There are 2 protein chains.
Amino acid sequence: MGADDQLPYELFYWPSIQGRGEFIRLAFEEAGVPYVDVGRRPESDGGGAGAVVRILKDHSGTAAFAPPVLKHGALVLWQTPNILAWLGPRLSLCPPDEAARLSINAVQLTVADFITEVHDVHHPIGSGLYYEDQLAEARRTAEIFARERLPKFLKYFEQLLADNAVSNHAFVVGGAISYADLSLFQVMAGLDYAFPKSLAKLKPALPRLCALAAAVAARPRVAAYLKSARRIPFNQKGIFRHYPELDQ
Amino acid sequence: MGADDQLPYELFYWPSIQGRGEFIRLAFEEAGVPYVDVGRRPESDGGGAGAVVRILKDHSGTAAFAPPVLKHGALVLWQTPNILAWLGPRLSLCPPDEAARLSINAVQLTVADFITEVHDVHHPIGSGLYYEDQLAEARRTAEIFARERLPKFLKYFEQLLADNAVSNHAFVVGGAISYADLSLFQVMAGLDYAFPKSLAKLKPALPRLCALAAAVAARPRVAAYLKSARRIPFNQKGIFRHYPELDQ
């Protein structure tokens with residue numbers, strides 16, 4: 001352990017949503033490694049959304065485009081898969097083996113692609129427009145999403161678990177839990193909230209993915225986190241939003 | 001140089017488009033490192049789109065969701081930013097410094113997010129639908145894209161170049177060319193093809209980004225590549241498509 005292990009991990013993310021920050025929070029929570037969720041601290045204590053905006057405006061290094069941003073001493077990094085690839089070995093959530101590490105990063109990048117599509121179901125025309133102003137288009141997107149994209153991604157993840165089960169492993173890559181497994185739990189939790197009907201129809205074809213999600217939720221530190229006030233409830237401002245008209 | 005340097009780099013990507021594979025091709029071309037563009041070899045020689053489909057169906061390791069896929073001996077990796085992060089140091093297109101390496105990966109991930117939005121301008125409802133079947137929605141998306149998202153991303157990249165110019169560097173991160181600079185060239189070339197009017201209006205506010213794109217295009221190996229038959233022309237099947245009705 002080097003001197004830099006004494007430095008705090010500071011996460012900068014919007015305080016009111018799980019969003020992309022949740023993938024980082026879950027990694028710290030499962031590892032039991034303390035982190036400062038800066039955006040959720042009081043404004044009077046240098047926190048709040050203002051702290052997130054301030055770090056996006058910091059041009060002393062390579063400025064971030066969007067949160068989450070992670071600060072560790074002088075090191076500032078952003079983009080969720082980039083943060084997780086760096087944190088993974090430090091939190092024992094990624095094996096040192098190069099091939100496994102690259103596969104886990106690729107799965108995480110595929111999760112990132114998928115959640116962008118999930119978000120765009122309710123915002124197909126523009127993220128800056130209100131949902132109500134693109135409702136007709138969202139209905140059309142939702143139908144195609146439920147029929148094509150949702151099963152395509154989930155069956156892909158299920159197949160990865162089946163392929164890895166040949167070696168008697170219940171994780172997506174390798175023989176131990178990684179941050180990609182935590183992310184798959186988060187995806188399933190989000191889909192259960194946003195698209196309960198569509199997901200229920202698919203679940204019989206996803207036994208391993210459902211088992212993985214349940215196993216992650218039951219891990220002692222994750223279970224304690226999910227029950228705590230630190231877990232922001234799903235709501236209508238995040239990636240996963242429940243509009244019944246988009247889940248027919 | 002280890003024994004694995006003798007192994008060929010095999011790129012698996014669709015043979016008819018630049019697409020996401022182009023970011024990988026540009027890295028090899030700038031580095032002057034030989035690679036096999038498997039999809040562009042004859043079917044009779046194990047190439048063609050069939051070879052790309054076959055590697056996606058290979059479940060002996062962690063299967064890829066989509067191309068590009070890179071094979072190097074027994075190592076198989078996918079997802080463009082993942083491939084570039086691994087290749088970068090091997091092609092001398094990424095500095096060994098950790099902070100710079102993480103920043104370059106974050107910029108590449110932001111390029112990936114941007115080109116997904118660029119693609120979705122012509123396919124806002126579903127990537128499996130024809131353009132003609134989502135033309136009305138695409139017109140609406142295109143207007144918001146040109147007004148909000150295109151300037152937001154390009155001005156962000158311009159600002160990164162301005163921040164780095166304080167140290168007299170003309171690259172996006174650090175003092176030498178990286179794969180992220182090559183990717184920014186590709187983005188500007190694609191936008192010049194797809195949205196010439198919108199880009200022309202923005203160019204006066206993007207002097208450093210335009211200069212970077214021109215400098216990359218003028219590098220001897222890149223210039224030779226762009227003139228060669230290896231460079232697939234832009235067309236109406238890739239990420240960047242020119243529909244005049246979407247560039248008003």
# chains A, B, ... in the order shown; residues from 1 in each chain; ligands from 1
>>> closest_atom_pairs(of="segment 143-191 of chain A", to="segment 117-138 of chain B", cutoff="10 Å", atoms="only C-alpha atoms", output="tab-separated table")
residue	atom	partner	partner_atom	distance
A:Glu143	CA	B:Ile125	CA	9.6
A:Ile144	CA	B:Gly126	CA	6.6
A:Phe145	CA	B:Gly126	CA	7.6
A:Glu148	CA	B:Gly128	CA	8.3
A:Arg149	CA	B:Gly126	CA	8.8
>>> interface_residues(of="chain B", to="chain A", cutoff="8 Å", atoms="only C-alpha atoms", output="PyMOL selection string")
chain B and resi 59-63+65+75-79+82+99+102-103+105-106+109-110+124-126+137-138+140-141+144-145+156+160+163-164+173
>>> residues_around(residues="segment 48-54 of chain A", least_positions_apart="6", cutoff="9 Å", atoms="only C-alpha atoms", output="ChimeraX atom specification")
/A:12-16,38-42,67-69
>>> write_last_selection(atoms="N, CA and C atoms", output="short mmCIF file (atom, residue, chain, number, x, y, z; two decimals), in the first residue's frame")
data_model
loop_
_atom_site.label_atom_id
_atom_site.label_comp_id
_atom_site.auth_asym_id
_atom_site.auth_seq_id
_atom_site.Cartn_x
_atom_site.Cartn_y
_atom_site.Cartn_z
N PHE A 12 -17.73 12.95 -7.67
CA PHE A 12 -18.54 14.11 -8.03
C PHE A 12 -19.65 13.65 -8.96
N TYR A 13 -20.88 13.68 -8.46
CA TYR A 13 -22.01 13.29 -9.29
C TYR A 13 -23.26 13.99 -8.77
N TRP A 14 -24.25 14.13 -9.66
CA TRP A 14 -25.50 14.80 -9.28
C TRP A 14 -26.10 14.16 -8.04
N PRO A 15 -26.56 14.98 -7.11
CA PRO A 15 -27.02 14.43 -5.82
C PRO A 15 -28.41 13.82 -5.85
N SER A 16 -29.19 14.04 -6.91
CA SER A 16 -30.61 13.65 -6.88
C SER A 16 -30.94 12.39 -7.67
N VAL A 38 -19.36 13.69 -2.91
CA VAL A 38 -19.28 15.15 -2.71
C VAL A 38 -20.60 15.86 -3.01
N GLY A 39 -21.25 15.45 -4.10
CA GLY A 39 -22.50 16.10 -4.50
C GLY A 39 -23.60 15.98 -3.46
N ARG A 40 -23.52 14.96 -2.62
CA ARG A 40 -24.58 14.74 -1.63
C ARG A 40 -24.25 15.39 -0.29
N ARG A 41 -23.09 16.04 -0.19
CA ARG A 41 -22.79 16.79 1.04
C ARG A 41 -23.49 18.14 0.95
N PRO A 42 -23.70 18.79 2.09
CA PRO A 42 -24.39 20.09 2.06
C PRO A 42 -23.61 21.13 1.25
N PRO A 67 -20.22 14.54 -15.53
CA PRO A 67 -19.97 13.63 -14.41
C PRO A 67 -20.45 12.22 -14.74
N PRO A 68 -20.04 11.18 -14.02
CA PRO A 68 -19.22 11.23 -12.81
C PRO A 68 -17.75 11.57 -13.05
N VAL A 69 -17.19 12.27 -12.05
CA VAL A 69 -15.76 12.57 -12.00
C VAL A 69 -15.25 12.00 -10.68
#
>>> atom_distance(atom1="atom CA of Asn235 of chain A", atom2="atom CA of Asp192 of chain A")
12.6 Å
>>> select_by_dssp(residues="segment 6-247 of chain B", states="strand (DSSP E or B)", output="PyMOL selection string")
chain B and resi 9-12+36-37+69-72+75-78
>>> residues_around(residues="Lys155 of chain B", least_positions_apart="4", cutoff="8 Å", atoms="only C-alpha atoms", output="short mmCIF file (atom, residue, chain, number, x, y, z; two decimals) with all heavy atoms, in the first residue's frame")
data_model
loop_
_atom_site.label_atom_id
_atom_site.label_comp_id
_atom_site.auth_asym_id
_atom_site.auth_seq_id
_atom_site.Cartn_x
_atom_site.Cartn_y
_atom_site.Cartn_z
N PRO B 151 -22.54 21.89 -31.38
CA PRO B 151 -21.65 22.90 -30.79
C PRO B 151 -21.15 22.53 -29.40
O PRO B 151 -20.01 22.83 -29.06
CB PRO B 151 -22.52 24.16 -30.75
CG PRO B 151 -23.90 23.77 -31.11
CD PRO B 151 -23.85 22.43 -31.78
N GLN B 159 -12.02 23.56 -26.43
CA GLN B 159 -11.53 24.07 -25.15
C GLN B 159 -10.40 23.20 -24.60
O GLN B 159 -9.43 23.71 -24.02
CB GLN B 159 -12.71 24.13 -24.15
CG GLN B 159 -12.34 24.76 -22.80
CD GLN B 159 -11.91 26.20 -22.92
OE1 GLN B 159 -12.59 27.01 -23.56
NE2 GLN B 159 -10.75 26.56 -22.34
N ALA B 205 -15.37 29.28 -34.80
CA ALA B 205 -15.21 29.17 -33.35
C ALA B 205 -14.34 27.97 -32.96
O ALA B 205 -14.15 27.70 -31.77
CB ALA B 205 -16.59 29.05 -32.69
N LEU B 206 -13.81 27.27 -33.97
CA LEU B 206 -13.05 26.04 -33.70
C LEU B 206 -11.67 26.06 -34.36
O LEU B 206 -11.28 25.10 -35.03
CB LEU B 206 -13.84 24.82 -34.23
CG LEU B 206 -15.29 24.66 -33.78
CD1 LEU B 206 -15.99 23.57 -34.59
CD2 LEU B 206 -15.36 24.35 -32.28
#
>>> atom_distance(atom1="atom CA of Phe240 of chain B", atom2="atom CA of Ala214 of chain B")
18.8 Å
>>> closest_residue(among="A:Leu199, A:Ile177, A:Val166, A:Leu56", to="Ala31 of chain A", atoms="only C-alpha atoms")
A:Ile177
>>> closest_residue(among="B:Phe195, B:Arg230, B:Pro204, B:Asp37", to="Gln248 of chain B", atoms="only C-alpha atoms")
B:Phe195
>>> residues_around(residues="Tyr35 of chain B", least_positions_apart="2", cutoff="12 Å", atoms="only C-alpha atoms", output="PyMOL selection string")
chain B and resi 5-12+24-33+37-41+70-72+87+91+230
>>> atom_distance(atom1="atom CA of Gly238 of chain B", atom2="atom CA of Ser183 of chain B")
15.6 Å
>>> closest_residue(among="B:Ser178, B:Val187, B:Leu212, B:Tyr193", to="Gln236 of chain B", atoms="only C-alpha atoms")
B:Tyr193
